[in-house]
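The structure file target_29.cif is reproduced below (mmCIF, C-alpha atoms).
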```
data_query
#
loop_
_atom_site.label_atom_id
_atom_site.label_comp_id
_atom_site.auth_asym_id
_atom_site.auth_seq_id
_atom_site.Cartn_x
_atom_site.Cartn_y
_atom_site.Cartn_z
CA MET A 1 40.25 16.99 -109.57
CA ILE A 2 39.33 15.43 -106.24
CA PRO A 3 35.62 14.85 -105.98
CA LYS A 4 33.77 16.42 -103.13
CA PRO A 5 32.83 14.24 -100.18
CA PRO A 6 29.18 14.18 -99.15
CA ARG A 7 27.85 17.42 -97.71
CA VAL A 8 27.24 15.91 -94.30
CA LEU A 9 30.94 15.09 -93.91
CA ILE A 10 31.99 18.60 -94.91
CA PHE A 11 29.49 19.93 -92.40
CA LEU A 12 30.88 17.70 -89.63
CA GLY A 13 34.45 18.74 -90.47
CA VAL A 14 33.62 22.43 -90.28
CA LEU A 15 31.72 21.82 -87.06
CA ALA A 16 34.72 20.04 -85.51
CA GLY A 17 36.96 22.92 -86.56
CA LEU A 18 34.63 25.44 -84.98
CA ALA A 19 34.23 23.34 -81.82
CA ALA A 20 38.03 23.31 -81.46
CA ILE A 21 37.94 27.09 -81.05
CA VAL A 22 35.61 26.86 -78.05
CA PRO A 23 38.01 25.52 -75.36
CA PRO A 24 40.73 28.14 -75.98
CA ALA A 25 38.03 30.83 -76.00
CA VAL A 26 36.69 29.58 -72.67
CA ILE A 27 40.21 29.47 -71.21
CA ALA A 28 40.94 32.98 -72.45
CA ARG A 29 37.75 34.16 -70.78
CA VAL A 30 38.60 32.41 -67.51
CA ARG A 31 42.00 34.11 -67.58
CA ALA A 32 40.49 37.52 -68.13
CA THR A 33 37.77 37.39 -65.49
CA PRO A 34 37.98 37.07 -61.70
CA ASP A 35 36.34 34.05 -60.13
CA GLU A 36 34.68 33.76 -56.75
CA ASN A 37 35.47 30.06 -56.54
CA ARG A 38 38.88 28.55 -56.19
CA ALA A 39 39.86 26.45 -59.17
CA VAL A 40 39.63 22.68 -59.00
CA HIS A 41 42.93 21.34 -57.71
CA MET A 42 44.37 19.15 -60.46
CA PHE A 43 47.37 17.49 -58.88
CA PHE A 44 47.40 17.07 -55.12
CA ASP A 45 51.00 15.93 -54.69
CA MET A 46 51.67 16.92 -51.07
CA ASP A 47 50.00 20.29 -51.38
CA PHE A 48 47.72 19.74 -48.42
CA GLN A 49 49.53 18.32 -45.41
CA PRO A 50 47.97 17.56 -42.05
CA LYS A 51 49.69 20.44 -40.27
CA PHE A 52 48.75 23.91 -39.13
CA LYS A 53 50.33 26.97 -40.62
CA THR A 54 50.30 30.51 -39.24
CA GLN A 55 46.80 31.87 -38.62
CA ALA A 56 45.27 28.62 -39.85
CA VAL A 57 42.01 27.07 -38.71
CA ASN A 58 41.89 24.15 -36.29
CA PRO A 59 38.32 22.88 -36.01
CA LEU A 60 39.17 20.98 -32.82
CA PHE A 61 39.08 24.19 -30.81
CA ALA A 62 35.83 26.01 -30.15
CA ASP A 63 37.22 29.32 -31.42
CA GLY A 64 38.72 27.64 -34.48
CA ARG A 65 42.19 29.08 -33.89
CA ALA A 66 45.16 26.81 -34.52
CA GLN A 67 47.34 29.36 -32.74
CA ARG A 68 46.55 29.27 -29.03
CA TYR A 69 46.65 32.02 -26.47
CA ALA A 70 48.98 31.63 -23.51
CA VAL A 71 47.20 30.00 -20.59
CA ALA A 72 45.71 32.67 -18.34
CA GLY A 73 47.94 33.53 -15.42
CA THR A 74 51.15 32.32 -17.05
CA VAL A 75 54.10 34.46 -18.04
CA ALA A 76 56.40 33.47 -20.88
CA ARG A 77 60.14 33.71 -20.41
CA GLY A 78 61.39 37.17 -21.31
CA GLU A 79 57.94 38.67 -20.85
CA THR A 80 58.03 39.62 -17.20
CA ASP A 81 58.01 43.29 -18.20
CA LEU A 82 59.16 44.43 -14.78
CA ASP A 83 61.35 47.32 -15.98
CA THR A 84 58.95 50.22 -15.40
CA HIS A 85 61.11 52.62 -17.43
CA LEU A 86 61.25 50.34 -20.47
CA HIS A 87 57.74 48.91 -20.33
CA GLN A 88 55.67 51.72 -18.83
CA GLY A 89 57.75 54.84 -19.40
CA VAL A 90 57.77 55.48 -15.65
CA VAL A 91 60.79 56.25 -13.45
CA ASN A 92 60.28 56.58 -9.68
CA GLY A 93 56.57 57.11 -10.12
CA ALA A 94 56.94 59.93 -12.67
CA TRP A 95 57.00 59.94 -16.48
CA ALA A 96 60.47 59.23 -17.76
CA GLU A 97 62.29 62.14 -19.36
CA SER A 98 64.90 59.98 -21.06
CA LEU A 99 65.20 56.82 -23.11
CA PRO A 100 65.48 53.56 -21.18
CA ALA A 101 68.88 51.93 -20.87
CA GLY A 102 69.93 50.20 -24.06
CA LEU A 103 68.25 52.67 -26.40
CA GLU A 104 70.23 55.56 -27.79
CA MET A 105 69.08 58.80 -29.35
CA THR A 106 70.87 58.49 -32.68
CA ASP A 107 70.04 59.64 -36.19
CA ALA A 108 69.20 56.05 -37.09
CA PHE A 109 66.90 55.71 -34.08
CA LEU A 110 65.03 58.90 -35.01
CA ALA A 111 64.84 57.83 -38.65
CA ARG A 112 63.30 54.56 -37.53
CA GLY A 113 60.88 56.53 -35.37
CA GLN A 114 59.94 58.69 -38.33
CA GLN A 115 59.33 55.68 -40.54
CA ARG A 116 57.15 53.97 -37.91
CA PHE A 117 55.35 57.25 -37.19
CA ASN A 118 54.54 57.60 -40.87
CA ILE A 119 53.08 54.08 -40.94
CA TYR A 120 51.03 54.04 -37.74
CA CYS A 121 50.49 57.61 -36.57
CA SER A 122 50.35 59.78 -39.66
CA VAL A 123 46.99 58.32 -40.72
CA CYS A 124 45.35 60.47 -38.04
CA HIS A 125 48.00 62.91 -36.82
CA GLY A 126 49.40 63.76 -40.26
CA TYR A 127 53.00 63.49 -41.40
CA ALA A 128 53.94 66.76 -39.68
CA GLY A 129 51.84 66.01 -36.60
CA PHE A 130 49.20 68.71 -36.98
CA GLY A 131 46.30 66.28 -36.61
CA ASP A 132 45.48 66.45 -40.31
CA GLY A 133 45.96 62.83 -41.40
CA THR A 134 43.83 61.31 -44.14
CA VAL A 135 41.71 59.19 -41.77
CA ASN A 136 41.06 62.25 -39.64
CA LYS A 137 40.04 64.25 -42.72
CA ARG A 138 37.65 61.58 -43.89
CA ALA A 139 36.14 61.15 -40.42
CA MET A 140 35.62 64.91 -40.13
CA GLU A 141 33.85 64.86 -43.50
CA LEU A 142 31.56 62.08 -42.25
CA MET A 143 30.81 64.16 -39.17
CA ALA A 144 29.98 67.17 -41.34
CA ASN A 145 27.57 65.14 -43.47
CA ALA A 146 24.48 67.20 -44.27
CA GLU A 147 22.15 64.50 -42.92
CA GLY A 148 24.10 64.02 -39.70
CA PRO A 149 27.08 61.82 -38.86
CA VAL A 150 27.07 58.62 -40.88
CA TYR A 151 26.25 55.34 -39.09
CA GLY A 152 26.90 56.63 -35.60
CA THR A 153 30.22 58.24 -36.44
CA SER A 154 31.47 60.18 -33.41
CA TRP A 155 34.93 61.41 -34.28
CA VAL A 156 36.91 63.90 -32.30
CA GLN A 157 39.49 65.88 -34.23
CA ALA A 158 42.87 64.14 -33.83
CA LYS A 159 45.24 66.04 -31.55
CA SER A 160 47.86 68.26 -33.04
CA LEU A 161 51.16 67.10 -31.58
CA HIS A 162 52.18 70.77 -31.52
CA ASP A 163 49.38 71.61 -29.11
CA PRO A 164 50.99 73.33 -26.05
CA VAL A 165 49.61 70.62 -23.75
CA VAL A 166 51.03 67.81 -25.87
CA ARG A 167 54.37 69.59 -26.12
CA GLU A 168 54.59 69.39 -22.34
CA HIS A 169 54.34 65.58 -22.38
CA GLN A 170 57.43 63.76 -21.25
CA LEU A 171 59.07 61.13 -23.42
CA GLY A 172 57.82 58.38 -21.11
CA MET A 173 54.26 59.63 -21.34
CA LEU A 174 54.42 59.79 -25.14
CA TYR A 175 55.66 56.20 -25.10
CA ASN A 176 52.78 55.24 -22.84
CA VAL A 177 50.22 56.93 -25.10
CA VAL A 178 51.59 55.08 -28.13
CA THR A 179 51.44 51.82 -26.17
CA ASN A 180 48.14 52.09 -24.34
CA GLY A 181 46.29 54.87 -26.12
CA ILE A 182 44.60 57.88 -24.60
CA ARG A 183 40.98 59.12 -24.69
CA ASN A 184 39.67 58.09 -28.14
CA MET A 185 43.01 56.88 -29.43
CA ALA A 186 43.53 53.13 -29.26
CA GLY A 187 46.78 51.68 -27.94
CA TYR A 188 49.33 50.47 -30.46
CA GLY A 189 51.22 48.16 -28.13
CA ALA A 190 50.12 45.10 -30.07
CA GLN A 191 50.91 46.58 -33.48
CA ILE A 192 54.28 48.23 -32.88
CA ASP A 193 57.35 46.66 -31.31
CA LEU A 194 58.58 47.95 -27.96
CA GLU A 195 61.73 49.65 -29.26
CA ASP A 196 59.83 51.14 -32.18
CA ARG A 197 57.33 52.70 -29.77
CA TRP A 198 60.21 54.44 -27.99
CA ALA A 199 61.57 55.50 -31.37
CA ILE A 200 58.19 57.00 -32.24
CA ALA A 201 58.05 58.84 -28.91
CA ALA A 202 61.54 60.22 -29.59
CA TYR A 203 60.55 61.24 -33.11
CA VAL A 204 57.44 63.03 -31.82
CA LYS A 205 59.76 65.05 -29.55
CA ALA A 206 61.93 65.88 -32.57
CA LEU A 207 58.83 66.78 -34.59
CA GLN A 208 57.67 69.13 -31.84
CA LEU A 209 61.08 70.73 -31.68
CA SER A 210 61.09 71.19 -35.46
CA GLN A 211 57.93 73.30 -35.31
CA ASN A 212 59.03 75.36 -32.32
CA ALA A 213 62.69 75.96 -32.94
CA SER A 214 64.52 79.26 -32.82
CA LEU A 215 67.60 80.25 -34.77
CA GLN A 216 69.66 79.53 -31.66
CA ASP A 217 68.82 75.82 -32.07
CA VAL A 218 70.56 75.75 -35.45
CA PRO A 219 74.33 75.07 -35.52
CA THR A 220 76.17 78.35 -36.08
CA GLU A 221 77.75 77.35 -39.37
CA LEU A 222 74.35 76.51 -40.90
CA ARG A 223 72.48 79.65 -39.84
CA ASP A 224 73.42 81.81 -42.83
CA ASN A 225 72.32 79.12 -45.22
CA LEU A 226 69.07 78.69 -43.35
CA LYS A 227 68.35 82.41 -43.66
CA LYS A 228 68.91 82.17 -47.40
CA GLY A 229 66.58 79.18 -47.51
CA ASN A 230 69.30 76.92 -48.84
CA LEU A 231 68.94 74.18 -46.28
CA GLN A 232 67.55 70.98 -47.70
CA ASN A 233 67.17 67.65 -45.97
CA GLY A 234 69.55 68.81 -43.25
CA GLU A 235 72.34 69.39 -45.71
CA VAL A 236 73.70 72.62 -47.08
CA LYS A 237 73.06 72.85 -50.78
CA MET B 238 25.03 -8.07 -107.68
CA SER B 239 27.14 -5.05 -107.93
CA ARG B 240 30.47 -4.92 -106.17
CA PHE B 241 30.97 -2.31 -103.46
CA LEU B 242 33.33 0.37 -104.60
CA PHE B 243 34.75 3.02 -102.31
CA PRO B 244 33.63 6.39 -103.61
CA ARG B 245 36.35 8.49 -105.16
CA TRP B 246 36.31 10.99 -102.30
CA SER B 247 37.46 8.29 -99.89
CA ASN B 248 40.95 9.04 -101.21
CA LEU B 249 40.75 12.06 -98.92
CA VAL B 250 40.38 9.92 -95.81
CA LEU B 251 44.05 9.04 -95.46
CA PRO B 252 45.41 12.65 -95.71
CA THR B 253 42.70 13.73 -93.31
CA ILE B 254 43.76 11.10 -90.79
CA ILE B 255 47.41 12.14 -91.11
CA LEU B 256 46.50 15.80 -90.71
CA ALA B 257 44.42 14.99 -87.62
CA ALA B 258 47.20 12.82 -86.17
CA LEU B 259 49.54 15.78 -86.49
CA THR B 260 47.27 18.55 -85.23
CA ILE B 261 45.34 16.82 -82.43
CA PRO B 262 48.40 16.12 -80.21
CA VAL B 263 49.60 19.69 -80.71
CA TYR B 264 46.14 20.91 -79.85
CA ALA B 265 45.99 18.69 -76.76
CA VAL B 266 49.38 19.91 -75.51
CA PHE B 267 48.34 23.50 -76.07
CA PHE B 268 45.03 22.88 -74.32
CA VAL B 269 46.69 21.41 -71.20
CA ALA B 270 49.51 23.95 -71.08
CA TYR B 271 47.21 26.92 -71.58
CA GLY B 272 44.16 25.63 -69.75
CA PHE B 273 45.72 23.91 -66.74
CA SER B 274 48.34 26.61 -66.20
CA PRO B 275 48.25 28.32 -62.81
CA LYS B 276 47.86 31.53 -64.78
CA THR B 277 44.45 30.20 -65.78
CA LEU B 278 43.47 28.29 -62.67
CA GLU B 279 44.93 30.35 -59.82
CA VAL B 280 45.13 33.92 -61.05
CA GLY B 281 41.97 35.95 -60.60
CA TYR B 282 40.67 34.10 -57.55
CA GLN B 283 38.50 36.71 -55.89
CA PRO B 284 36.42 35.15 -53.12
CA LYS B 285 33.60 37.00 -51.45
CA GLN B 286 34.81 38.01 -48.00
CA PRO B 287 32.62 38.14 -44.87
CA VAL B 288 33.33 41.87 -44.54
CA PRO B 289 33.32 44.01 -47.70
CA PHE B 290 36.65 45.57 -46.73
CA SER B 291 37.97 47.84 -49.46
CA HIS B 292 41.72 48.02 -49.93
CA ALA B 293 41.02 50.67 -52.56
CA LEU B 294 39.62 52.94 -49.85
CA HIS B 295 42.03 52.15 -47.01
CA ALA B 296 45.31 51.61 -48.82
CA GLY B 297 44.39 53.68 -51.87
CA GLU B 298 42.33 56.73 -51.02
CA LEU B 299 43.41 57.03 -47.38
CA GLY B 300 46.97 56.04 -48.25
CA MET B 301 47.41 53.81 -45.22
CA ASP B 302 50.66 51.88 -45.26
CA CYS B 303 50.29 48.11 -45.79
CA ARG B 304 52.16 47.59 -42.52
CA TYR B 305 49.55 49.45 -40.49
CA CYS B 306 47.53 46.22 -40.59
CA HIS B 307 49.94 43.57 -41.87
CA THR B 308 52.37 44.23 -39.04
CA SER B 309 54.42 41.05 -39.17
CA VAL B 310 55.47 41.30 -42.81
CA GLU B 311 58.94 42.66 -42.04
CA LYS B 312 59.60 40.30 -39.17
CA ALA B 313 58.10 36.95 -40.08
CA ALA B 314 57.49 34.59 -42.94
CA HIS B 315 53.78 35.21 -42.71
CA ALA B 316 52.20 38.60 -43.39
CA SER B 317 49.59 38.58 -40.68
CA VAL B 318 45.94 39.28 -41.22
CA PRO B 319 45.15 41.92 -38.60
CA PRO B 320 43.19 41.16 -35.45
CA THR B 321 39.77 42.78 -35.08
CA GLN B 322 41.29 45.32 -32.70
CA THR B 323 43.14 46.90 -35.62
CA CYS B 324 39.81 47.57 -37.40
CA MET B 325 38.45 48.94 -34.16
CA ASN B 326 41.29 51.42 -33.71
CA CYS B 327 39.17 53.62 -35.96
CA HIS B 328 35.81 51.91 -36.34
CA THR B 329 34.72 52.31 -32.73
CA GLN B 330 34.28 55.91 -33.87
CA ILE B 331 33.96 55.85 -37.65
CA ARG B 332 30.70 54.30 -38.93
CA PRO B 333 30.44 52.02 -35.86
CA GLN B 334 26.87 51.03 -36.75
CA SER B 335 27.47 50.35 -40.43
CA PRO B 336 25.84 47.07 -41.53
CA LYS B 337 29.00 46.33 -43.50
CA LEU B 338 30.86 46.09 -40.19
CA ALA B 339 28.43 43.58 -38.66
CA ASP B 340 30.94 40.71 -38.65
CA VAL B 341 33.68 42.95 -37.24
CA ARG B 342 31.40 44.09 -34.39
CA GLU B 343 30.40 40.52 -33.67
CA SER B 344 34.04 39.44 -33.58
CA TYR B 345 34.90 42.36 -31.28
CA GLU B 346 32.14 41.38 -28.88
CA THR B 347 32.62 37.60 -28.89
CA GLY B 348 36.39 37.44 -29.26
CA LEU B 349 36.03 35.01 -32.15
CA PRO B 350 37.99 35.87 -35.29
CA VAL B 351 36.40 37.22 -38.46
CA GLU B 352 36.47 34.30 -40.88
CA TRP B 353 38.28 35.78 -43.84
CA THR B 354 38.81 33.57 -46.86
CA ARG B 355 42.45 33.05 -47.62
CA ILE B 356 43.34 33.90 -51.21
CA HIS B 357 47.07 33.32 -51.63
CA LYS B 358 47.99 29.73 -50.98
CA LEU B 359 51.21 27.86 -51.57
CA PRO B 360 51.56 24.10 -51.49
CA ASP B 361 52.38 22.97 -47.95
CA PHE B 362 55.88 21.92 -48.99
CA ALA B 363 56.85 25.40 -50.20
CA TYR B 364 58.09 27.84 -47.57
CA PHE B 365 57.87 31.46 -48.63
CA ASP B 366 59.24 34.14 -46.32
CA HIS B 367 57.78 37.64 -46.61
CA SER B 368 60.44 39.23 -44.39
CA ALA B 369 63.29 37.91 -46.52
CA HIS B 370 61.79 39.64 -49.54
CA VAL B 371 60.51 42.98 -48.24
CA ASN B 372 63.68 43.63 -46.24
CA ARG B 373 65.72 43.25 -49.40
CA GLY B 374 63.86 45.47 -51.75
CA ILE B 375 61.09 43.33 -53.23
CA GLY B 376 57.92 45.36 -52.81
CA CYS B 377 54.40 44.13 -52.12
CA VAL B 378 53.27 45.12 -55.59
CA SER B 379 55.65 42.72 -57.32
CA CYS B 380 53.54 39.74 -56.26
CA HIS B 381 50.23 41.20 -55.12
CA GLY B 382 49.66 43.85 -57.78
CA ARG B 383 47.94 47.17 -57.20
CA ILE B 384 46.07 46.16 -54.05
CA ASP B 385 45.45 49.86 -53.47
CA LYS B 386 43.16 49.82 -56.51
CA MET B 387 41.23 46.68 -55.62
CA GLU B 388 37.78 47.01 -54.08
CA VAL B 389 37.84 43.26 -53.55
CA VAL B 390 41.24 41.62 -53.48
CA TYR B 391 42.05 38.98 -56.06
CA GLN B 392 45.12 36.90 -56.73
CA LYS B 393 47.35 38.73 -59.17
CA SER B 394 50.19 36.27 -59.66
CA ALA B 395 50.31 32.58 -60.46
CA LEU B 396 52.40 31.70 -57.37
CA SER B 397 53.71 28.75 -59.33
CA MET B 398 57.26 27.50 -59.07
CA GLY B 399 58.05 28.74 -62.56
CA TRP B 400 56.81 32.16 -61.56
CA CYS B 401 59.04 32.20 -58.46
CA LEU B 402 62.06 31.15 -60.48
CA GLU B 403 61.44 33.84 -63.10
CA CYS B 404 62.29 36.45 -60.46
CA HIS B 405 64.94 34.39 -58.69
CA ARG B 406 66.78 34.14 -62.01
CA ASN B 407 66.35 37.79 -62.86
CA PRO B 408 65.29 39.94 -59.89
CA ASP B 409 66.39 43.22 -61.49
CA PRO B 410 62.98 44.47 -62.71
CA ASN B 411 61.47 43.94 -59.26
CA LEU B 412 64.15 45.63 -57.18
CA ARG B 413 63.49 48.84 -55.27
CA PRO B 414 64.95 50.61 -52.25
CA VAL B 415 63.59 49.15 -48.98
CA SER B 416 62.05 52.55 -48.23
CA GLU B 417 59.65 52.01 -51.15
CA ILE B 418 58.48 48.46 -50.47
CA THR B 419 54.92 49.42 -49.60
CA ASN B 420 54.72 52.15 -52.22
CA LEU B 421 52.54 50.33 -54.73
CA ALA B 422 52.77 53.10 -57.32
CA TYR B 423 56.57 52.87 -57.42
CA ASP B 424 57.92 51.04 -60.44
CA GLY B 425 61.53 50.00 -60.04
CA ALA B 426 61.69 49.08 -63.71
CA THR B 427 61.33 52.72 -64.74
CA GLU B 428 62.50 54.63 -61.65
CA LEU B 429 65.91 52.98 -61.35
CA THR B 430 68.86 52.84 -63.70
CA GLN B 431 70.79 49.58 -64.07
CA THR B 432 73.66 51.10 -62.09
CA GLU B 433 71.29 51.88 -59.21
CA ARG B 434 69.85 48.38 -59.38
CA ASP B 435 73.33 46.88 -59.25
CA ALA B 436 74.08 49.07 -56.24
CA LEU B 437 70.93 47.81 -54.51
CA LYS B 438 71.86 44.22 -55.26
CA LYS B 439 75.22 44.78 -53.63
CA LYS B 440 73.76 46.65 -50.67
CA TYR B 441 71.12 43.99 -49.93
CA HIS B 442 73.40 41.06 -50.82
CA ILE B 443 70.99 39.82 -53.44
CA SER B 444 71.98 36.60 -55.16
CA PRO B 445 68.72 34.66 -55.25
CA SER B 446 69.14 30.97 -54.77
CA GLU B 447 67.68 28.40 -57.11
CA ASP B 448 68.47 25.49 -54.84
CA CYS B 449 65.58 23.16 -53.99
CA SER B 450 66.19 23.60 -50.28
CA THR B 451 65.74 27.35 -50.47
CA CYS B 452 61.98 26.89 -50.59
CA HIS B 453 61.42 23.16 -50.02
CA ARG B 454 62.20 21.58 -46.71
#
```

Would you put the structure from the file into structure tokens?
Amino acid sequence: MIPKPPRVLIFLGVLAGLAAIVPPAVIARVRATPDENRAVHMFFDMDFQPKFKTQAVNPLFADGRAQRYAVAGTVARGETDLDTHLHQGVVNGAWAESLPAGLEMTDAFLARGQQRFNIYCSVCHGYAGFGDGTVNKRAMELMANAEGPVYGTSWVQAKSLHDPVVREHQLGMLYNVVTNGIRNMAGYGAQIDLEDRWAIAAYVKALQLSQNASLQDVPTELRDNLKKGNLQNGEVK
Amino acid sequence: MSRFLFPRWSNLVLPTIILAALTIPVYAVFFVAYGFSPKTLEVGYQPKQPVPFSHALHAGELGMDCRYCHTSVEKAAHASVPPTQTCMNCHTQIRPQSPKLADVRESYETGLPVEWTRIHKLPDFAYFDHSAHVNRGIGCVSCHGRIDKMEVVYQKSALSMGWCLECHRNPDPNLRPVSEITNLAYDGATELTQTERDALKKKYHISPSEDCSTCHR
């Protein structure tokens, strides 16, 4: 039989064994919990290069922006925006009734308009355009707060796009509203591309038509199916 | 004078040394691999932001599309952080005097940007392109996790090279139709059959490159 080593050595051995458990336990905890501080960077390699990436900070400028605004009074090539139909929705001083040259009212164009509408417009106007989007609902709840509107909230019910007045709007005016906003609505010119804004305007027209259509608007061969309620996603079931 | 004799238990010293020589290197390798892994160091970074903006409220409860704010994600390499105007589309009217919006108001008045803390960082020699991914059926959730459930955003993925290659070698579990890219609740792994995934791969021309120059320039 092997004789026992002195107690102090056994104690140290057990202690070392226990201490070895600590680092993995700490690592496991670090993995499981979020941390407000970025981890120490172990190997720098070329991870941090003296260059500016998109939306980065450049401390040399007073506003800290690495990306600079165009110098005031200058116009970049391709940004003259002189086509009033395309850029303002205006033809001969009146709201345009048609799409500008180069854009075509196709299924794909309307589908694009629907997709963009659902991203940018539906939050207030609702997917079907009745002014019942989620942001609108929440804002109306804040307005109806028992102790008064919260933190200065002053929300006006978002317009239903099926409102008779809105239905009268010409395509060019709808485009202009999307671009520059109207009353309480902010303009989306900076958020949505030019062609997409036209697509949205076109889709709004389609949306309005969808809620105010008569049987005469439906192709003859589909009418019977529509009456039976068999029409789904534009296709006969 | 008695001679010094090693005690009998000193016979244990040699096996102990051998045992230690075998286990300590293994332990050290494990410690470095587990402890210095980006999964330990990078994942879970959740800095305090100047404005307590809640993605859980905006993207979750209100169901706003990611692209409402991050407008450039389909068009550019960089998914832009929105300008203050985007906040003010609504917040000129909703809770305009909220103390939580103090920095946003200040930015709106001065024209200086809100100083958000960037969370997701790649080494400067790696060039990731958001548009190349979202336009070919890799959704936001695959890398960023359920942002729509995060009150404060944290880094979900390691963003290490090994992690990139995992998907570049086998993108199938992360594929989805482009129409669902911002739908964070959509799970391509369960919603799609392999046949549908193969069809998507064909449709989007997906054959992810593992060449160095794909990401490093």

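Within 9 Å of stretch 293-304 of chain B there are Asn118, Ile119, Tyr120, Ser122, Val123, Gly133, Thr134, Val135 and Arg138 of chain A; Phe290, Ser291, Cys306, His307, Thr308, Ser309, Val310, Glu311, Cys377, Ile384, Asp385, Lys386, Met387, Glu388, Val389, Thr419 and Asn420 of chain B, counting only C-alpha atoms and ignoring same-chain residues fewer than 2 positions away.
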
Could you dump the residues just selected with C-alpha atoms as a CSV table (one decimal), keeping the file's coordinate frame?
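And here is the file that came out, result-v9.csv:
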```csv
chain,number,residue,atom,x,y,z
A,118,ASN,CA,54.5,57.6,-40.9
A,119,ILE,CA,53.1,54.1,-40.9
A,120,TYR,CA,51.0,54.0,-37.7
A,122,SER,CA,50.4,59.8,-39.7
A,123,VAL,CA,47.0,58.3,-40.7
A,133,GLY,CA,46.0,62.8,-41.4
A,134,THR,CA,43.8,61.3,-44.1
A,135,VAL,CA,41.7,59.2,-41.8
A,138,ARG,CA,37.6,61.6,-43.9
B,290,PHE,CA,36.6,45.6,-46.7
B,291,SER,CA,38.0,47.8,-49.5
B,306,CYS,CA,47.5,46.2,-40.6
B,307,HIS,CA,49.9,43.6,-41.9
B,308,THR,CA,52.4,44.2,-39.0
B,309,SER,CA,54.4,41.0,-39.2
B,310,VAL,CA,55.5,41.3,-42.8
B,311,GLU,CA,58.9,42.7,-42.0
B,377,CYS,CA,54.4,44.1,-52.1
B,384,ILE,CA,46.1,46.2,-54.0
B,385,ASP,CA,45.4,49.9,-53.5
B,386,LYS,CA,43.2,49.8,-56.5
B,387,MET,CA,41.2,46.7,-55.6
B,388,GLU,CA,37.8,47.0,-54.1
B,389,VAL,CA,37.8,43.3,-53.6
B,419,THR,CA,54.9,49.4,-49.6
B,420,ASN,CA,54.7,52.2,-52.2
```

>> Once the PyMOL selection byres ((chain B) within 6 of (chain A)) has been evaluated on this model, what residues remain selected, and can you format them as a PyMOL selection string?
In response: chain B and resi 246+272+277-278+281-284+299+302+305+326+330-335+349+360-361

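Against this structure, the PyMOL selection byres ((chain B and resi 446-451) around 8) ends up with Leu402, His405, Arg406, Ser444, Pro445, Cys452, His453 and Arg454 of chain B.
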
> So how far away is atom CA of B:Lys337 from atom CA of A:Arg183, in Å?
Replying inline: 25.7 Å

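Ranking B:Trp353, B:Tyr391, B:Tyr264, B:Phe365 by their shortest atom-to-atom distance to B:Gln286, with only C-alpha atoms included, puts B:Trp353 first.
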
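Counting only C-alpha atoms, B:His357 has the following residues at most 10 Å away, ignoring those fewer than 6 positions along the same chain: Glu279, Val280, Tyr282, His381, Tyr391, Gln392, Lys393, Ser394, Ala395 and Leu396 of chain B.
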
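Each of B:Pro410, B:Pro319, B:Gly374, B:Pro289 was compared to B:Asp340 using only C-alpha atoms, and B:Pro289 turns out to be the nearest.
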
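Put simply, atom CA of B:Tyr271 is 29.3 Å away from atom CA of B:Leu421.
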
> Using only C-alpha atoms, which residues sit within 9 Å of B:Pro408 once same-chain residues fewer than 4 positions away are excluded, as a ChimeraX atom specification?
Replying inline: /B:375,403-404,412,443-445

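When the PyMOL selection byres ((chain B and resi 437) around 8) is evaluated on the file shown here, the picked residues come out as B:Gly374, B:Leu412, B:Arg413, B:Pro414, B:Glu433, B:Arg434, B:Asp435, B:Ala436, B:Lys438, B:Lys439, B:Lys440, B:Tyr441.
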
>> Quick check, in Å to one decimal: how far apart do atom CA of A:Gly172 and atom CA of A:Ala201 lie?
In response: 7.8 Å

> Taking into account all atoms listed in the file, which residue in the set B:Ala363, B:Met398, B:Val288, B:Val378 is nearest to B:Arg342?
Replying inline: B:Val288

Need to verify the contact set: A:Glu195, 9 Å, all atoms listed in the file, exclusion of same-chain residues closer than 4 positions in sequence. Can you return it as a short mmCIF file (atom, residue, chain, number, x, y, z; two decimals) with C-alpha atoms, in the coordinates of the input?
```cif
data_model
loop_
_atom_site.label_atom_id
_atom_site.label_comp_id
_atom_site.auth_asym_id
_atom_site.auth_seq_id
_atom_site.Cartn_x
_atom_site.Cartn_y
_atom_site.Cartn_z
CA LEU A 86 61.25 50.34 -20.47
CA LEU A 103 68.25 52.67 -26.40
CA ALA A 199 61.57 55.50 -31.37
CA ILE A 200 58.19 57.00 -32.24
#
```

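The shortest atom-to-atom distance to B:Pro336, with all atoms listed in the file taken into account, belongs to B:Pro287 out of B:Pro252, B:Arg373, B:Pro287, B:Phe362.
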
>> I'd like the neighbourhood of stretch 204-220 of chain A as a list of chain:residue names, where a residue qualifies if any of its atoms comes within 7 Å (using all atoms listed in the file), though same-chain residues fewer than 6 positions away should be ignored.
In response: A:Leu161, A:His162, A:Arg167
